[in-house]
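Here's the structure, in structure tokens; my notes come after.
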Amino acid sequence: MQDVFADFYRGKKIFVTGHTGFKGSWLSVWLRSLGAEVMGYALEAPTSPANFEACTLSKHIHHVLGDIRDYDHLSSTITEFKPDMIFHLAAQALVRESVRNPRETFDVNLMGTVNVLDAALHCDAVRGVVSITSDKCYRNVGWEWGYREIDALGGDEAYSASKACAELAIGAYHGEDFQSVRKRSVFLPIASVRAGNVIGGGDWAHERLIPDVVRSVSEGRPVILRSPGATRPWQHVLEPLSGYLWLGANLCNNPQRYVSGWNFGPVDSGVYPVQEVVEKMLAFWPAPQTEVVVEPNTQAKEAMLLALDCSKANSHLDWSGTWFIDETINATATWYKAFYEDDEDMYEFTRRQIESYTETAHERGQVWARGKLLGSEA
């Protein structure tokens, strides 16, 4: 693997909330590959199978079962571990679940974030926090262009609104005046990050397109499409994670420059219709017995497209996406094929996919993959 991030994470202690989830498990594998000592704090894996289980991640990191709403347990765990950095990914991440349980969604996404930030402020070992929210923190007014970090926050349902609230809490906690009142001995840089739809191996969440396709293929059932023409921005899970890691390294290197919110999106527009994505997925994971059935749902209200403008990350972090749509879907299909058909060691397979992604980024001139921190001589 290339010496990414100027060896910033090697030997450092990194605390990851939500490590049993899809993105958190991939991030934990990557951090271990970079030589970090990782402690994960989360509830049980949300599905079975799950990437956390497939990669036997509990054998490779410190695995702590805990609820971010339990402040005392969370704070004592952070204080005892003394991490150099925290990546906060634990969340109630499903829009439809937020409709069914809005109070819990606000409790987890807002107060859970407040608990993580407050616990971090009380641990002087922590040098930086990267808090993950969502592209849905922006108030979606139906623009055809991407939303920027300076655009209005908000939402008309619990998931979006809870993410917007979390962003406001992050904005308060990274203020120097706010931190001085909390008697923090050294300034704690905190940044928030927003990304859209992510796909990749190891996601079995309910009510998501790729996991639904995977379940259909693995069980020999037809793939049912109810909104085949709906368009969404798609990116591999490694795209935003590379941004999170690169931002984290630079956040500690130059706190005042990078304390703010950041968008991370695909290398191109990444916007493709659902049916095309499914057809590509089935082409890369051939399953002749799998039938695609279109059952239009005329009762469903089509969600407005929400895309991100990543100009800030492009210009100030020298970061952009790496894999195009075919590379993204091929990597995703290959992962599931390895899991279901090839009897692979999925931890090592996942590490190899990260290495492949990093090598492609290096070949395409990505600054982070060349291993130099911005503004440093590393």
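In the structure tokens, chains take letters A, B, ... by order of appearance, with residues numbered from 1 within each chain and ligands from 1 in the order shown.
Backbone DSSP over segment 151-361 of chain A yields strand (DSSP E or B) at A:Leu153, A:Ile190, A:Ala191, A:Ser192, A:Val193, A:Arg194, A:Ala195, A:Val198, A:Ile199, A:Val223, A:Ile224, A:Leu225, A:Thr231, A:Arg232, A:Pro233, A:Gln235, A:His236, A:Gly261, A:Trp262, A:Asn263, A:Phe264, A:Val271, A:Tyr272, A:Pro273, A:Val292, A:Val293, A:Val294, A:Leu308.
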- Exercise: Glu144 of chain A partners within 10 Å, only C-alpha atoms, chain neighbours under 2 positions left out, as a list in words: Val141, Gly142, Gly146, Tyr147, Met304, Leu305, Leu306 and Ala307 of chain A
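Between atom CA of Trp234 of chain A and atom CA of Phe5 of chain A lies a distance of 25.0 Å.
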Write out as CSV a residue-level contact list of segment 182-249 of chain A versus segment 158-171 of chain A with cut-off 9 Å: for each qualifying residue the closest pair of atoms and the distance in Å to one decimal, counting only C-alpha atoms, rows sorted by chain and residue number upward.
```
residue,atom,partner,partner_atom,distance
A:Ile190,CA,A:Ile170,CA,7.3
A:Ala191,CA,A:Ile170,CA,7.6
A:Ser192,CA,A:Ile170,CA,7.1
```
- Message: Which residues are close to Ala91 of chain A, i.e. within 12 Å by only C-alpha atoms, leaving aside same-chain residues fewer than 6 positions away? Reply as a PyMOL selection string.
- Response: chain A and resi 17-24+41-43+46+67-69+97-98+104-113+116+131-134+159+162-163+166
- 12 Å contact set for Ala361 of chain A, only C-alpha atoms, chain neighbours under 4 positions out, as a ChimeraX atom specification: /A:1-2,4,238-239,242-243,267,319-324,354-357,365-371
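Minimum atom-to-atom distances from A:Arg96, A:Phe15, A:Pro189, A:Asn101 to Val64 of chain A were compared using only C-alpha atoms, and the lowest value belongs to A:Phe15.
Proximity to Val130 of chain A at 10 Å, evaluated using only C-alpha atoms and with sequence-adjacent residues fewer than 3 positions away removed, yields Val16, Met85, Ile86, Phe87, His88, Leu89, Leu117, Thr133, Ile170, Pro189, Ile190, Ala191, Ser192, Val193, Tyr244, Leu245, Leu247, Gly248, Leu251, Val259, Ser260 and Gly261 of chain A.
Across the model, the gap from atom CA of Asp345 of chain A to atom CA of Ala90 of chain A is 25.9 Å.
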- Task: Please indicate the distance in Å from atom CA of His362 of chain A to atom CA of Asp7 of chain A, rounded to one decimal place.
- Result: 15.0 Å
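Nearest to Thr332 of chain A of all the residues A:Met346, A:Leu317, A:Ile210, A:Val217 is A:Ile210, based on only C-alpha atoms.
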- Task: Run DSSP on the backbone and grab whatever in segment 1-225 of chain A lands in helix (DSSP H, G or I); send it over as JSON, numbers by chain.
- Result: {"A": [4, 5, 6, 7, 22, 23, 24, 25, 26, 27, 28, 29, 30, 31, 32, 33, 51, 52, 53, 54, 57, 58, 59, 71, 72, 73, 74, 75, 76, 77, 78, 79, 80, 81, 95, 96, 97, 98, 99, 100, 102, 103, 104, 105, 106, 107, 108, 109, 110, 111, 112, 113, 114, 115, 116, 117, 118, 119, 120, 121, 135, 136, 137, 158, 159, 160, 161, 162, 163, 164, 165, 166, 167, 168, 169, 170, 171, 172, 173, 176, 177, 178, 179, 180, 181, 209, 210, 211, 212, 213, 214, 215, 216, 217, 218, 219]}
